[in-house]
>>> print(open('start_14.pdb').read())   # PDB, C-alpha atoms, pLDDT in the B column
ATOM      1  CA  MET A   1      83.935  97.766 108.983  1.00 53.00           C
ATOM      2  CA  ALA A   2      87.219  97.038 110.751  1.00 61.00           C
ATOM      3  CA  THR A   3      90.182  98.663 109.066  1.00 68.00           C
ATOM      4  CA  ASN A   4      92.250  95.538 109.790  1.00 84.00           C
ATOM      5  CA  THR A   5      90.055  93.397 107.537  1.00 93.00           C
ATOM      6  CA  LEU A   6      90.480  95.790 104.627  1.00 94.00           C
ATOM      7  CA  SER A   7      94.182  96.122 105.360  1.00 95.00           C
ATOM      8  CA  ASP A   8      94.641  92.348 105.311  1.00 96.00           C
ATOM      9  CA  ALA A   9      92.895  92.095 101.935  1.00 97.00           C
ATOM     10  CA  LEU A  10      95.024  94.885 100.474  1.00 97.00           C
ATOM     11  CA  GLN A  11      98.230  93.488 101.954  1.00 97.00           C
ATOM     12  CA  SER A  12      97.419  90.199 100.195  1.00 97.00           C
ATOM     13  CA  ASN A  13      96.512  92.074  96.990  1.00 97.00           C
ATOM     14  CA  ASP A  14      93.231  90.175  97.067  1.00 97.00           C
ATOM     15  CA  LEU A  15      91.030  92.103  94.659  1.00 97.00           C
ATOM     16  CA  ASN A  16      88.016  89.807  95.013  1.00 97.00           C
ATOM     17  CA  SER A  17      88.028  90.126  98.792  1.00 97.00           C
ATOM     18  CA  LEU A  18      88.263  93.914  98.555  1.00 97.00           C
ATOM     19  CA  ILE A  19      85.306  94.044  96.184  1.00 97.00           C
ATOM     20  CA  GLN A  20      83.252  91.843  98.490  1.00 96.00           C
ATOM     21  CA  LEU A  21      84.169  93.902 101.549  1.00 96.00           C
ATOM     22  CA  VAL A  22      83.037  97.069  99.798  1.00 97.00           C
ATOM     23  CA  LYS A  23      79.812  95.356  98.744  1.00 96.00           C
ATOM     24  CA  ASN A  24      79.209  94.333 102.355  1.00 95.00           C
ATOM     25  CA  ASP A  25      79.471  97.958 103.468  1.00 95.00           C
ATOM     26  CA  PRO A  26      79.274 100.375 100.511  1.00 96.00           C
ATOM     27  CA  SER A  27      79.848 103.450 102.645  1.00 94.00           C
ATOM     28  CA  TRP A  28      82.184 106.418 102.714  1.00 93.00           C
ATOM     29  CA  ASN A  29      83.811 104.954 105.836  1.00 93.00           C
ATOM     30  CA  THR A  30      84.811 101.832 103.918  1.00 96.00           C
ATOM     31  CA  VAL A  31      86.403 103.894 101.159  1.00 96.00           C
ATOM     32  CA  TYR A  32      88.185 106.019 103.722  1.00 95.00           C
ATOM     33  CA  ASN A  33      89.481 102.945 105.550  1.00 96.00           C
ATOM     34  CA  ILE A  34      90.909 101.555 102.310  1.00 96.00           C
ATOM     35  CA  SER A  35      92.851 104.792 101.849  1.00 95.00           C
ATOM     36  CA  VAL A  36      94.087 104.575 105.456  1.00 94.00           C
ATOM     37  CA  ALA A  37      95.236 100.999 104.818  1.00 96.00           C
ATOM     38  CA  LEU A  38      97.092 102.088 101.676  1.00 96.00           C
ATOM     39  CA  GLN A  39      98.937 104.806 103.562  1.00 94.00           C
ATOM     40  CA  HIS A  40      99.843 102.564 106.486  1.00 95.00           C
ATOM     41  CA  LEU A  41     101.021  99.638 104.369  1.00 96.00           C
ATOM     42  CA  SER A  42     102.980 101.863 101.980  1.00 95.00           C
ATOM     43  CA  PHE A  43     104.956 103.515 104.751  1.00 93.00           C
ATOM     44  CA  GLU A  44     105.426 100.181 106.511  1.00 95.00           C
ATOM     45  CA  ASP A  45     107.036  98.536 103.467  1.00 96.00           C
ATOM     46  CA  PRO A  46     107.585 100.759 100.402  1.00 96.00           C
ATOM     47  CA  SER A  47     108.877  97.793  98.382  1.00 96.00           C
ATOM     48  CA  LYS A  48     105.283  96.518  98.115  1.00 97.00           C
ATOM     49  CA  ILE A  49     103.725  99.762  96.909  1.00 97.00           C
ATOM     50  CA  ASP A  50     103.491  98.654  93.264  1.00 97.00           C
ATOM     51  CA  GLY A  51     101.358  95.692  94.264  1.00 97.00           C
ATOM     52  CA  TYR A  52      99.001  97.876  96.275  1.00 98.00           C
ATOM     53  CA  THR A  53      98.533 100.495  93.560  1.00 97.00           C
ATOM     54  CA  THR A  54      97.977  97.801  90.928  1.00 98.00           C
ATOM     55  CA  THR A  55      95.302  96.134  93.063  1.00 98.00           C
ATOM     56  CA  LEU A  56      93.545  99.394  93.914  1.00 98.00           C
ATOM     57  CA  ALA A  57      93.649 100.576  90.295  1.00 97.00           C
ATOM     58  CA  ALA A  58      91.868  97.334  89.379  1.00 98.00           C
ATOM     59  CA  LEU A  59      89.337  97.907  92.175  1.00 97.00           C
ATOM     60  CA  GLN A  60      88.732 101.453  90.992  1.00 96.00           C
ATOM     61  CA  LYS A  61      88.031 100.283  87.437  1.00 96.00           C
ATOM     62  CA  SER A  62      86.084  97.155  88.348  1.00 96.00           C
ATOM     63  CA  PRO A  63      82.487  97.015  87.086  1.00 96.00           C
ATOM     64  CA  ASP A  64      81.743  95.008  90.240  1.00 96.00           C
ATOM     65  CA  ALA A  65      82.628  97.880  92.573  1.00 95.00           C
ATOM     66  CA  PRO A  66      79.321  99.061  94.059  1.00 95.00           C
ATOM     67  CA  LYS A  67      77.989 102.570  94.308  1.00 95.00           C
ATOM     68  CA  ILE A  68      78.793 104.289  97.585  1.00 95.00           C
ATOM     69  CA  VAL A  69      76.220 105.664  99.991  1.00 91.00           C
ATOM     70  CA  SER A  70      77.208 108.879 101.759  1.00 84.00           C
ATOM     71  CA  LYS A  71      75.398 111.310 104.004  1.00 78.00           C
ATOM     72  CA  ARG A  72      75.428 114.994 103.157  1.00 76.00           C
ATOM     73  CA  ASN A  73      73.479 117.522 105.151  1.00 77.00           C
ATOM     74  CA  GLY A  74      71.662 114.695 106.861  1.00 76.00           C
ATOM     75  CA  GLU A  75      70.509 113.094 103.612  1.00 80.00           C
ATOM     76  CA  GLU A  76      71.769 109.947 101.913  1.00 84.00           C
ATOM     77  CA  GLU A  77      73.348 110.327  98.499  1.00 87.00           C
ATOM     78  CA  VAL A  78      74.602 107.630  96.158  1.00 92.00           C
ATOM     79  CA  ASP A  79      77.732 108.128  94.072  1.00 91.00           C
ATOM     80  CA  ALA A  80      79.743 106.011  91.679  1.00 94.00           C
ATOM     81  CA  PHE A  81      82.596 104.210  93.420  1.00 95.00           C
ATOM     82  CA  TRP A  82      85.247 106.085  91.433  1.00 94.00           C
ATOM     83  CA  ASP A  83      83.817 109.484  92.398  1.00 93.00           C
ATOM     84  CA  VAL A  84      84.232 108.728  96.106  1.00 94.00           C
ATOM     85  CA  PHE A  85      87.375 106.599  95.926  1.00 95.00           C
ATOM     86  CA  GLN A  86      89.519 108.886  93.758  1.00 94.00           C
ATOM     87  CA  PRO A  87      89.548 111.923  96.100  1.00 94.00           C
ATOM     88  CA  GLN A  88      90.555 109.732  99.044  1.00 95.00           C
ATOM     89  CA  ILE A  89      93.481 108.230  97.149  1.00 95.00           C
ATOM     90  CA  TYR A  90      94.495 111.713  96.016  1.00 95.00           C
ATOM     91  CA  ASN A  91      94.489 112.893  99.635  1.00 94.00           C
ATOM     92  CA  VAL A  92      96.717 110.003 100.721  1.00 92.00           C
ATOM     93  CA  ILE A  93      99.240 110.630  97.955  1.00 91.00           C
ATOM     94  CA  THR A  94      99.422 114.401  98.201  1.00 90.00           C
ATOM     95  CA  GLY A  95      98.913 114.723 101.954  1.00 86.00           C
ATOM     96  CA  VAL A  96     102.600 114.210 102.709  1.00 77.00           C
ATOM     97  CA  PHE A  97     103.873 116.475  99.931  1.00 79.00           C
ATOM     98  CA  GLY A  98     103.572 119.579 102.064  1.00 65.00           C
ATOM     99  CA  ASP A  99     105.765 118.110 104.816  1.00 67.00           C
ATOM    100  CA  ARG A 100     109.441 118.989 104.328  1.00 67.00           C
ATOM    101  CA  LYS A 101     110.489 118.819 107.978  1.00 74.00           C
ATOM    102  CA  VAL A 102     112.861 115.958 107.184  1.00 81.00           C
ATOM    103  CA  THR A 103     115.273 116.760 104.367  1.00 88.00           C
ATOM    104  CA  ALA A 104     117.732 113.901 104.880  1.00 91.00           C
ATOM    105  CA  ILE A 105     117.835 111.383 102.027  1.00 94.00           C
ATOM    106  CA  THR A 106     116.971 108.202 103.916  1.00 92.00           C
ATOM    107  CA  PRO A 107     114.715 105.157 103.308  1.00 92.00           C
ATOM    108  CA  THR A 108     112.364 106.353 106.045  1.00 91.00           C
ATOM    109  CA  ASN A 109     111.867 109.868 104.713  1.00 92.00           C
ATOM    110  CA  GLU A 110     108.076 110.098 104.332  1.00 92.00           C
ATOM    111  CA  TYR A 111     108.249 112.570 101.454  1.00 93.00           C
ATOM    112  CA  LEU A 112     110.401 110.153  99.450  1.00 95.00           C
ATOM    113  CA  ILE A 113     108.053 107.259 100.249  1.00 94.00           C
ATOM    114  CA  ALA A 114     105.125 109.406  99.116  1.00 94.00           C
ATOM    115  CA  SER A 115     107.073 110.035  95.904  1.00 95.00           C
ATOM    116  CA  ILE A 116     107.294 106.280  95.287  1.00 96.00           C
ATOM    117  CA  LEU A 117     103.564 105.979  95.923  1.00 96.00           C
ATOM    118  CA  SER A 118     102.771 108.893  93.621  1.00 96.00           C
ATOM    119  CA  GLY A 119     104.912 107.603  90.755  1.00 96.00           C
ATOM    120  CA  SER A 120     103.493 104.113  91.103  1.00 97.00           C
ATOM    121  CA  ALA A 121      99.944 105.512  91.129  1.00 96.00           C
ATOM    122  CA  ILE A 122     100.676 107.398  87.904  1.00 95.00           C
ATOM    123  CA  ARG A 123     102.066 104.275  86.233  1.00 95.00           C
ATOM    124  CA  THR A 124      99.130 102.045  87.233  1.00 96.00           C
ATOM    125  CA  GLY A 125      96.505 104.697  86.559  1.00 94.00           C
ATOM    126  CA  LEU A 126      95.357 104.748  90.180  1.00 96.00           C
ATOM    127  CA  CYS A 127      95.770 108.522  90.478  1.00 95.00           C
ATOM    128  CA  VAL A 128      97.148 111.156  88.120  1.00 93.00           C
ATOM    129  CA  SER A 129      96.877 114.811  89.051  1.00 93.00           C
ATOM    130  CA  SER A 130      98.448 118.185  88.402  1.00 90.00           C
ATOM    131  CA  ALA A 131      99.609 118.221  92.042  1.00 92.00           C
ATOM    132  CA  GLN A 132     101.692 115.087  91.480  1.00 93.00           C
ATOM    133  CA  ILE A 133     103.178 116.415  88.256  1.00 91.00           C
ATOM    134  CA  GLY A 134     103.800 119.724  90.018  1.00 90.00           C
ATOM    135  CA  GLU A 135     106.039 117.964  92.532  1.00 92.00           C
ATOM    136  CA  VAL A 136     108.088 116.668  89.617  1.00 92.00           C
ATOM    137  CA  THR A 137     108.409 120.016  87.832  1.00 91.00           C
ATOM    138  CA  GLN A 138     109.252 121.868  91.050  1.00 92.00           C
ATOM    139  CA  GLY A 139     111.662 119.175  92.166  1.00 92.00           C
ATOM    140  CA  LEU A 140     113.452 119.261  88.806  1.00 92.00           C
ATOM    141  CA  GLN A 141     113.363 123.072  88.963  1.00 91.00           C
ATOM    142  CA  PHE A 142     111.480 123.766  85.763  1.00 88.00           C
ATOM    143  CA  PRO A 143     111.686 127.598  85.416  1.00 84.00           C
ATOM    144  CA  GLU A 144     107.899 127.946  85.023  1.00 83.00           C
ATOM    145  CA  SER A 145     107.257 125.892  88.173  1.00 83.00           C
ATOM    146  CA  GLU A 146     108.185 128.866  90.400  1.00 85.00           C
ATOM    147  CA  TYR A 147     109.895 126.427  92.753  1.00 86.00           C
ATOM    148  CA  GLN A 148     111.835 129.256  94.430  1.00 85.00           C
ATOM    149  CA  ASP A 149     108.570 130.800  95.625  1.00 84.00           C
ATOM    150  CA  HIS A 150     107.400 127.582  97.243  1.00 82.00           C
ATOM    151  CA  TYR A 151     110.489 126.068  98.880  1.00 85.00           C
ATOM    152  CA  LYS A 152     113.628 127.062 100.703  1.00 87.00           C
ATOM    153  CA  PRO A 153     117.087 126.166  99.303  1.00 89.00           C
ATOM    154  CA  LYS A 154     117.593 123.579 102.057  1.00 91.00           C
ATOM    155  CA  GLN A 155     114.629 121.670 100.610  1.00 90.00           C
ATOM    156  CA  TYR A 156     115.888 121.597  97.021  1.00 92.00           C
ATOM    157  CA  GLU A 157     117.806 118.352  97.453  1.00 94.00           C
ATOM    158  CA  VAL A 158     114.961 116.277  98.876  1.00 94.00           C
ATOM    159  CA  ASN A 159     112.619 117.780  96.276  1.00 93.00           C
ATOM    160  CA  ALA A 160     114.996 116.813  93.462  1.00 94.00           C
ATOM    161  CA  VAL A 161     115.430 113.257  94.715  1.00 95.00           C
ATOM    162  CA  GLY A 162     111.666 112.914  95.211  1.00 95.00           C
ATOM    163  CA  ALA A 163     111.061 114.080  91.661  1.00 93.00           C
ATOM    164  CA  CYS A 164     113.543 111.544  90.290  1.00 93.00           C
ATOM    165  CA  ILE A 165     111.925 108.799  92.355  1.00 95.00           C
ATOM    166  CA  GLN A 166     108.553 109.688  90.859  1.00 93.00           C
ATOM    167  CA  VAL A 167     110.073 109.530  87.382  1.00 91.00           C
ATOM    168  CA  LEU A 168     111.573 106.101  88.052  1.00 92.00           C
ATOM    169  CA  ALA A 169     108.357 104.765  89.589  1.00 94.00           C
ATOM    170  CA  ALA A 170     106.070 106.162  86.877  1.00 91.00           C
ATOM    171  CA  GLY A 171     108.223 105.384  83.843  1.00 85.00           C
ATOM    172  CA  GLN A 172     106.748 106.214  80.435  1.00 82.00           C
ATOM    173  CA  ALA A 173     103.343 106.913  81.977  1.00 85.00           C
ATOM    174  CA  ILE A 174     104.548 110.249  83.306  1.00 84.00           C
ATOM    175  CA  LEU A 175     104.877 111.623  79.779  1.00 78.00           C
ATOM    176  CA  LYS A 176     101.552 110.148  78.702  1.00 79.00           C
ATOM    177  CA  THR A 177      99.859 112.543  81.111  1.00 77.00           C
ATOM    178  CA  ASP A 178     100.481 115.246  78.479  1.00 72.00           C
ATOM    179  CA  LYS A 179     101.578 117.576  81.263  1.00 71.00           C
ATOM    180  CA  LEU A 180     105.305 117.369  80.472  1.00 73.00           C
ATOM    181  CA  HIS A 181     107.339 117.742  77.287  1.00 72.00           C
ATOM    182  CA  GLU A 182     109.991 115.060  76.806  1.00 73.00           C
ATOM    183  CA  SER A 183     112.798 117.332  75.594  1.00 76.00           C
ATOM    184  CA  GLU A 184     112.554 119.785  78.491  1.00 78.00           C
ATOM    185  CA  PHE A 185     112.001 116.920  80.899  1.00 77.00           C
ATOM    186  CA  LYS A 186     115.250 115.200  79.901  1.00 80.00           C
ATOM    187  CA  GLU A 187     117.132 118.501  80.035  1.00 85.00           C
ATOM    188  CA  ARG A 188     116.032 119.139  83.626  1.00 87.00           C
ATOM    189  CA  ILE A 189     116.967 115.615  84.762  1.00 84.00           C
ATOM    190  CA  GLN A 190     120.433 116.123  83.330  1.00 84.00           C
ATOM    191  CA  ALA A 191     120.843 119.441  85.151  1.00 87.00           C
ATOM    192  CA  ILE A 192     119.289 118.674  88.532  1.00 89.00           C
ATOM    193  CA  GLY A 193     122.301 116.762  89.856  1.00 84.00           C
ATOM    194  CA  GLN A 194     123.858 120.024  91.020  1.00 85.00           C
ATOM    195  CA  ALA A 195     121.217 120.276  93.748  1.00 88.00           C
ATOM    196  CA  VAL A 196     121.971 116.815  95.161  1.00 92.00           C
ATOM    197  CA  LYS A 197     124.895 116.195  97.511  1.00 92.00           C
ATOM    198  CA  SER A 198     123.834 112.964  99.239  1.00 93.00           C
ATOM    199  CA  PRO A 199     125.611 109.851  97.854  1.00 94.00           C
ATOM    200  CA  VAL A 200     122.337 107.910  97.813  1.00 94.00           C
ATOM    201  CA  GLY A 201     120.487 110.820  96.243  1.00 93.00           C
ATOM    202  CA  HIS A 202     123.214 111.153  93.632  1.00 92.00           C
ATOM    203  CA  ILE A 203     122.742 107.506  92.633  1.00 94.00           C
ATOM    204  CA  ILE A 204     118.979 108.010  92.260  1.00 94.00           C
ATOM    205  CA  VAL A 205     119.519 111.052  90.046  1.00 92.00           C
ATOM    206  CA  GLN A 206     122.062 109.224  87.896  1.00 90.00           C
ATOM    207  CA  VAL A 207     119.775 106.222  87.405  1.00 91.00           C
ATOM    208  CA  SER A 208     116.862 108.477  86.412  1.00 88.00           C
ATOM    209  CA  LYS A 209     118.988 109.930  83.607  1.00 82.00           C
ATOM    210  CA  PHE A 210     118.957 106.585  81.834  1.00 80.00           C
ATOM    211  CA  ILE A 211     115.221 105.962  81.919  1.00 74.00           C
ATOM    212  CA  ARG A 212     113.830 105.265  78.462  1.00 69.00           C
ATOM    213  CA  PHE A 213     110.661 107.025  77.391  1.00 63.00           C
TER     214      PHE A 213
END
>>> encode(input="start_14.pdb", output="structure tokens")
Amino acid sequence: MATNTLSDALQSNDLNSLIQLVKNDPSWNTVYNISVALQHLSFEDPSKIDGYTTTLAALQKSPDAPKIVSKRNGEEEVDAFWDVFQPQIYNVITGVFGDRKVTAITPTNEYLIASILSGSAIRTGLCVSSAQIGEVTQGLQFPESEYQDHYKPKQYEVNAVGACIQVLAAGQAILKTDKLHESEFKERIQAIGQAVKSPVGHIIVQVSKFIRF
């Protein structure tokens, strides 16, 4: 199935069309192409990410989503839609996390866009994982996160801003994951400003301090 057709349906947030397209070709390739469309559209216009994650969360939970046929070791296997779809979405969200080549706090920084996508996915229930929460705890420099072992000091600022972006995008849902404690979480947000020098980054950190849980 052409990726453009799936991309058009996602760009329009047309859940019914997406379901029908998957029914027309219930294959691993279709699931993969949906994840490719999500990545492309998210980086093309981050302001629309919430719409995409909301639509795909509904697709993931839909009783009308068909089972997916995959080939493993030359044999066909049938899996529930969620079981095939979820790992692909996880790969899209976390795939950029390891890339810290660009540390400037700009609207085109792919790590920061991935942080928006991750936080939005947490809020809508599209994808919640320890890897996503780990980016938050390392970015906010939780002592137990061992952030110093994973990143260089020059990366601390972009990590901190990315963590705050995830917090803002996820809202209360980030605490409902039961992977973070509210008191320590608020303490780290208050303290992380020392790692941020960029004027834009500073604004993001300040705004995140006033989020209500």
>>> resolve_selection(input="start_14.pdb", expression="the PyMOL selection byres ((chain A and resi 19-35) around 9)", output="ChimeraX atom specification")
/A:1-7,9-10,14-18,36-40,59,62,64-71,81,84-85,88-89,91-92
>>> closest_residue(input="start_14.pdb", among="A:Lys186, A:Gln141, A:Lys179, A:Val205", to="A:Gln155", atoms="only C-alpha atoms")
A:Gln141
>>> atom_distance(input="start_14.pdb", atom1="atom CA of A:Cys127", atom2="atom CA of A:Phe97")
14.8 Å
>>> atom_distance(input="start_14.pdb", atom1="atom CA of A:Asp50", atom2="atom CA of A:Gly193")
26.3 Å
>>> atom_distance(input="start_14.pdb", atom1="atom CA of A:Phe185", atom2="atom CA of A:Tyr156")
17.2 Å
>>> residues_around(input="start_14.pdb", residues="A:Gly139", least_positions_apart="5", cutoff="12 Å", atoms="all atoms listed in the file", output="PyMOL selection string")
chain A and resi 97+111-112+115+132-134+144-148+150-153+155-167+185+188-189+191-193+195-196+205
>>> closest_residue(input="start_14.pdb", among="A:Lys61, A:Lys176, A:Lys154, A:Lys48", to="A:Gln86", atoms="only C-alpha atoms")
A:Lys61
>>> closest_residue(input="start_14.pdb", among="A:Ala121, A:Ala58, A:Leu180, A:Ile113", to="A:Val136", atoms="all atoms listed in the file")
A:Leu180
>>> residues_around(input="start_14.pdb", residues="A:Arg123", least_positions_apart="3", cutoff="12 Å", atoms="all atoms listed in the file", output="PyMOL selection string")
chain A and resi 49-51+53-54+57+116-120+126-128+166-177
>>> closest_residue(input="start_14.pdb", among="A:Ser129, A:Ser183, A:Ser42, A:Gln190", to="A:Glu110", atoms="only C-alpha atoms")
A:Ser42
>>> build_atoms(input="start_14.pdb", residues="stretch 99-110 of chain A", atoms="all heavy atoms", output="CSV table (one decimal), keeping the file's coordinate frame")
chain,number,residue,atom,x,y,z
A,99,ASP,N,104.9,118.3,103.6
A,99,ASP,CA,105.8,118.1,104.8
A,99,ASP,C,107.2,118.0,104.4
A,99,ASP,O,107.6,117.0,103.8
A,99,ASP,CB,105.3,116.9,105.6
A,99,ASP,CG,106.1,116.7,106.9
A,99,ASP,OD1,106.9,117.5,107.2
A,99,ASP,OD2,105.9,115.7,107.5
A,100,ARG,N,108.0,119.0,104.7
A,100,ARG,CA,109.4,119.0,104.3
A,100,ARG,C,110.3,119.1,105.6
A,100,ARG,O,111.4,119.7,105.6
A,100,ARG,CB,109.8,120.1,103.4
A,100,ARG,CG,109.1,120.1,102.0
A,100,ARG,CD,109.5,118.9,101.2
A,100,ARG,NE,109.1,119.0,99.8
A,100,ARG,CZ,107.9,119.0,99.3
A,100,ARG,NH1,106.9,118.7,100.2
A,100,ARG,NH2,107.7,119.1,98.1
A,101,LYS,N,109.8,118.7,106.7
A,101,LYS,CA,110.5,118.8,108.0
A,101,LYS,C,111.8,118.0,107.9
A,101,LYS,O,112.8,118.4,108.5
A,101,LYS,CB,109.6,118.4,109.2
A,101,LYS,CG,108.4,119.3,109.4
A,101,LYS,CD,107.5,118.8,110.5
A,101,LYS,CE,106.3,119.7,110.7
A,101,LYS,NZ,105.4,119.2,111.8
A,102,VAL,N,111.7,116.8,107.3
A,102,VAL,CA,112.9,116.0,107.2
A,102,VAL,C,113.4,116.1,105.8
A,102,VAL,O,112.8,115.8,104.8
A,102,VAL,CB,112.5,114.5,107.5
A,102,VAL,CG1,113.7,113.6,107.3
A,102,VAL,CG2,111.9,114.3,108.9
A,103,THR,N,114.7,116.6,105.7
A,103,THR,CA,115.3,116.8,104.4
A,103,THR,C,116.4,115.7,104.1
A,103,THR,O,116.9,115.7,103.0
A,103,THR,CB,115.9,118.2,104.3
A,103,THR,OG1,116.8,118.4,105.3
A,103,THR,CG2,114.7,119.2,104.3
A,104,ALA,N,116.7,114.9,105.1
A,104,ALA,CA,117.7,113.9,104.9
A,104,ALA,C,117.3,112.8,103.9
A,104,ALA,O,116.1,112.4,103.9
A,104,ALA,CB,118.1,113.2,106.2
A,105,ILE,N,118.2,112.4,103.0
A,105,ILE,CA,117.8,111.4,102.0
A,105,ILE,C,118.0,110.0,102.7
A,105,ILE,O,119.1,109.4,102.7
A,105,ILE,CB,118.7,111.5,100.8
A,105,ILE,CG1,118.7,113.0,100.3
A,105,ILE,CG2,118.3,110.6,99.7
A,105,ILE,CD1,117.3,113.5,99.9
A,106,THR,N,116.9,109.5,103.2
A,106,THR,CA,117.0,108.2,103.9
A,106,THR,C,115.8,107.4,103.5
A,106,THR,O,114.8,107.9,103.0
A,106,THR,CB,116.9,108.4,105.4
A,106,THR,OG1,115.6,108.9,105.8
A,106,THR,CG2,118.0,109.3,105.9
A,107,PRO,N,115.8,106.0,103.7
A,107,PRO,CA,114.7,105.2,103.3
A,107,PRO,C,113.4,105.4,104.1
A,107,PRO,O,112.4,105.0,103.7
A,107,PRO,CB,115.3,103.7,103.6
A,107,PRO,CG,116.7,103.9,103.6
A,107,PRO,CD,117.0,105.3,104.1
A,108,THR,N,113.5,106.1,105.2
A,108,THR,CA,112.4,106.4,106.0
A,108,THR,C,111.8,107.8,105.9
A,108,THR,O,110.8,108.1,106.5
A,108,THR,CB,112.7,106.1,107.5
A,108,THR,OG1,113.8,107.0,107.9
A,108,THR,CG2,113.1,104.7,107.8
A,109,ASN,N,112.4,108.5,105.0
A,109,ASN,CA,111.9,109.9,104.7
A,109,ASN,C,110.5,109.8,104.1
A,109,ASN,O,110.3,109.2,103.0
A,109,ASN,CB,112.8,110.6,103.8
A,109,ASN,CG,112.4,112.1,103.5
A,109,ASN,OD1,111.3,112.3,103.2
A,109,ASN,ND2,113.3,113.0,103.8
A,110,GLU,N,109.5,110.3,104.8
A,110,GLU,CA,108.1,110.1,104.3
A,110,GLU,C,107.8,110.8,103.0
A,110,GLU,O,107.0,110.3,102.2
A,110,GLU,CB,107.1,110.6,105.4
A,110,GLU,CG,107.1,109.7,106.7
A,110,GLU,CD,106.0,110.0,107.6
A,110,GLU,OE1,105.2,111.0,107.4
A,110,GLU,OE2,105.9,109.3,108.6
